[in-house]
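See below for the structure under consideration.
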Amino acid sequence: MRQIPRRRLVSQLTRSTVAVVMAGGRGQRLMQLTDQRAKPATPFGGKYRIIDFSLSNCVNSGIRQIFILTQYKAHSLIQHVQRGWGYLHGELGEFIDIVPAQQQLGEIWYRGTADAVYQNLDIIHQHRPETVLVLAGDHVYKMDYGPLLAFHKESGADITIGGVQVPISQAHEFGVMTLGEEHRVVAFDEKPKEPKPMPGREGVALASMGIYVVNPDFLREALERDAATPDSQHDFGRNIVPEAVANRRVFAYPFEDVETKAQRYWRDVGTVDAYYNANMELIHVSPELNLYDEAWPIWTYQQQVPGAKFILDEDHRRGLAINSMIAGGCIVSGAVVRESMLFFSVFVDEGTEVRRSVVLPEVEIGRSCYIANAIIDEGCSIPHGTVIGRDREADRQHFHVTGQGVVLVTRRMLSGLRRSS
């Protein structure tokens with residue numbers, strides 16, 4: 001029997017794969033950033049939202065049948081997807097469908113990641129996929145899923161898990177895998193208190209990326225069994241994967257460069273500090289995440305705004321930005337922006353200095369302000385003369401200050417500041 005060339009095999013697999021993007025989580029560790037939005041809807045990188053990375057990976061990989069499962073405060077996420085991701089061709093069987101929690105099995109919402117997929121099994125199986133790709137919609141990375149699907153097919157796995165190396169100090173936040181021969185998973189511990197390092201690498205553990213390739217028949221069998229288990233948490237990492245490791249063929253696909261075996265870029269922006277650091281990395285001269293890669297574009301909905309503008313050219317009233325990313329619609333009027341990221345439609349008034357800060361869309365910063373080491377949430381209006389990031393104790397009285405010293409500012413916090421003033 002003639003063997004199918006690998007490139008053709010990958011193309012066939014991506015066309016016959018249904019992707020399920022889990023986008024229902026709040027992301028509590030992001031604190032007040034997710035008070036009004038789901039974590040996947042959080043702005044990132046100057047013009048994107050976090051979910052754009054998973055969706056772009058699907059589309060760029062050739063996967064054009066995508067379900068997005070939503071639950072927590074999904075309005076801004078749904079609005080974003082409807083506006084920016086409606087260009088697939090339904091007549092060719094392509095779609096990105098938003099599936100809100102609908103209590104399909106009675107008076108219950110999604111009880112966990114496994115239950116979310118279980119409640120939508122009939123919708124998924126209507127498309128008769130050869131494989132089902134389950135993704136977390138709240139990570140930032142670029143990945144071609146084609147080789148992952150080919151690895152799953154060739155290994156004869158029931159489940160294949162995307163694996164990424166993380167420092168052992170952070171591994172307790174993930175599912176940690178132990179591998180045997182040929183990348184077969186022999187143990188899986190979800191968020192262990194004492195993570196096991198990789199053999200020969202004491203400071204590193206192999207963590208789950210929240211990416212699962214699953215055979216459809218096994219998926220139905222495993223989820224139906226889990227749904228009938230009263231004491232289950234109905235979670236892939238806590239229930240489905242550990243049981244499969246014990247009884248079925250589970251493999252790990254290392255997220256690394258094929259030639260050099262070097263770890264590739266992947267960020268779980270699940271805390272305020274991690275979110276801040278990942279955004280700040282992008283203003284470096286040569287950031288590890290290349291947003292300028294024309295071969296692998298990150299798609300998104302773009303506001304129709306004019307170009308960024310820098311006005312006034314006098315001493316102490318000169319509009320300029322240094323080592324920064326400035327999105328469209330911004331106006332820097334006689335102010336200085338240094339090592340910062342300004343999302344679209346931000347206005348910075350004269351005499352103000354912004355340093356090492358992430359300023360989300362449609363923020364207004366008044367005159368004679370000093371903003372440093374801060375995240376300013378969407379829609380904030382910073383009063384004239386406000387100082388943030390100079391006195392940590394003063395910041396703590398009104399804002400959220402992280403262990404790293406990053407100051408998170410939201411509209412609700414500013415309302416409290418005005419009342420106290």
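Chain labels A, B, ... are given in the sequence in which chains occur in the structure tokens; within each chain residues are numbered consecutively from 1, and ligands are likewise numbered from 1 in the order shown.
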Need the shell around stretch 269-274 of chain A: protein/DNA/RNA residues with any atom at most 9 Å away, counting only C-alpha atoms. Skip same-chain ones fewer than 6 positions apart. Format as a ChimeraX atom specification? /A:27-31,33,39,50,138-140,375,402-406,408
Which residues are close to stretch 245-253 of chain A, i.e. within 10 Å by only C-alpha atoms, leaving aside same-chain residues fewer than 3 positions away? Reply as a PyMOL selection string. chain A and resi 147-149+151-152+155-164+177-188+206-209+211-214+218+240-242+256
As a PyMOL selection string, please: the residues near A:Ala321 (cut-off 9 Å, only C-alpha atoms, same-chain neighbours under 6 positions excluded). chain A and resi 310+332+335-340
Any idea what's packed within 12 Å of A:Arg220, counting only C-alpha atoms, ignoring anything in its chain fewer than 3 positions away? Could you give it as a PyMOL selection string? chain A and resi 114-115+117-122+124-125+131-132+158+214-217+223-227+240
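Distances to A:Asp35 were evaluated for A:Arg411, A:Arg418, A:Lys196, A:Lys153 using only C-alpha atoms, and the minimum falls at A:Arg411.
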Using DSSP on the backbone coordinates, identify the residues of stretch 3-178 of chain A assigned to strand (DSSP E or B); present them as a PyMOL selection string. chain A and resi 17-22+43-44+48-49+65-70+95-100+131-136+140-141+159-167+175-178
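For the pair atom CA of A:Ile388 and atom CA of A:His400, the separation is 11.3 Å.
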Just how far from atom CA of A:Ala136 is atom CA of A:Arg356, in Å to one decimal? 28.9 Å
Exercise: stretch 6-22 of chain A partners within 8 Å, only C-alpha atoms, chain neighbours under 5 positions left out, as a ChimeraX atom specification: /A:54,58,61-70,113,117,124,127,129-137,145-147,149-150
Export C-alpha atoms of the chosen residues as a PDB file, in the first residue's frame?
ATOM      1  CA  SER A  54      -5.699  30.216  19.323  1.00  0.00           C
ATOM      2  CA  CYS A  58      -6.391  27.172  13.759  1.00  0.00           C
ATOM      3  CA  SER A  61      -3.014  25.584  10.222  1.00  0.00           C
ATOM      4  CA  GLY A  62      -5.902  24.900   7.848  1.00  0.00           C
ATOM      5  CA  ILE A  63      -8.485  24.073  10.528  1.00  0.00           C
ATOM      6  CA  ARG A  64     -11.639  25.906   9.501  1.00  0.00           C
ATOM      7  CA  GLN A  65     -14.324  24.170  11.599  1.00  0.00           C
ATOM      8  CA  ILE A  66     -14.182  25.815  15.027  1.00  0.00           C
ATOM      9  CA  PHE A  67     -16.518  25.954  18.016  1.00  0.00           C
ATOM     10  CA  ILE A  68     -15.955  28.498  20.790  1.00  0.00           C
ATOM     11  CA  LEU A  69     -17.519  27.494  24.104  1.00  0.00           C
ATOM     12  CA  THR A  70     -18.316  30.539  26.253  1.00  0.00           C
ATOM     13  CA  THR A 113     -13.850  21.651  30.783  1.00  0.00           C
ATOM     14  CA  VAL A 117     -17.416  19.455  25.665  1.00  0.00           C
ATOM     15  CA  ILE A 124     -19.456  18.332  17.363  1.00  0.00           C
ATOM     16  CA  HIS A 127     -19.597  17.267  11.414  1.00  0.00           C
ATOM     17  CA  PRO A 129     -14.589  14.810  12.441  1.00  0.00           C
ATOM     18  CA  GLU A 130     -11.680  12.434  12.099  1.00  0.00           C
ATOM     19  CA  THR A 131     -10.095  14.126  15.118  1.00  0.00           C
ATOM     20  CA  VAL A 132     -11.226  16.639  17.726  1.00  0.00           C
ATOM     21  CA  LEU A 133      -8.778  19.338  18.811  1.00  0.00           C
ATOM     22  CA  VAL A 134      -9.597  20.784  22.243  1.00  0.00           C
ATOM     23  CA  LEU A 135      -7.845  24.091  22.955  1.00  0.00           C
ATOM     24  CA  ALA A 136      -7.597  26.590  25.769  1.00  0.00           C
ATOM     25  CA  GLY A 137      -8.505  30.040  24.479  1.00  0.00           C
ATOM     26  CA  TYR A 145      -1.378  22.228  14.666  1.00  0.00           C
ATOM     27  CA  GLY A 146      -0.787  20.144  11.515  1.00  0.00           C
ATOM     28  CA  PRO A 147       2.347  18.311  12.734  1.00  0.00           C
ATOM     29  CA  LEU A 149      -2.310  16.012  14.308  1.00  0.00           C
ATOM     30  CA  ALA A 150       0.093  13.934  12.202  1.00  0.00           C
TER      31      ALA A 150
END
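From atom CA of A:Val305 back to atom CA of A:Cys330, the distance works out to 8.9 Å.
Comparing the minimum interatomic distances between A:Glu202 and each of A:Glu190, A:Pro167, A:Ala74, A:Gly93, counting only C-alpha atoms, we find that A:Pro167 sits nearest.
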Extract the full set of alpha helix (DSSP H) residues from stretch 301-419 of chain A according to DSSP on the backbone, and format it as a VMD selection string. chain A and resid 392 to 396 411 to 419
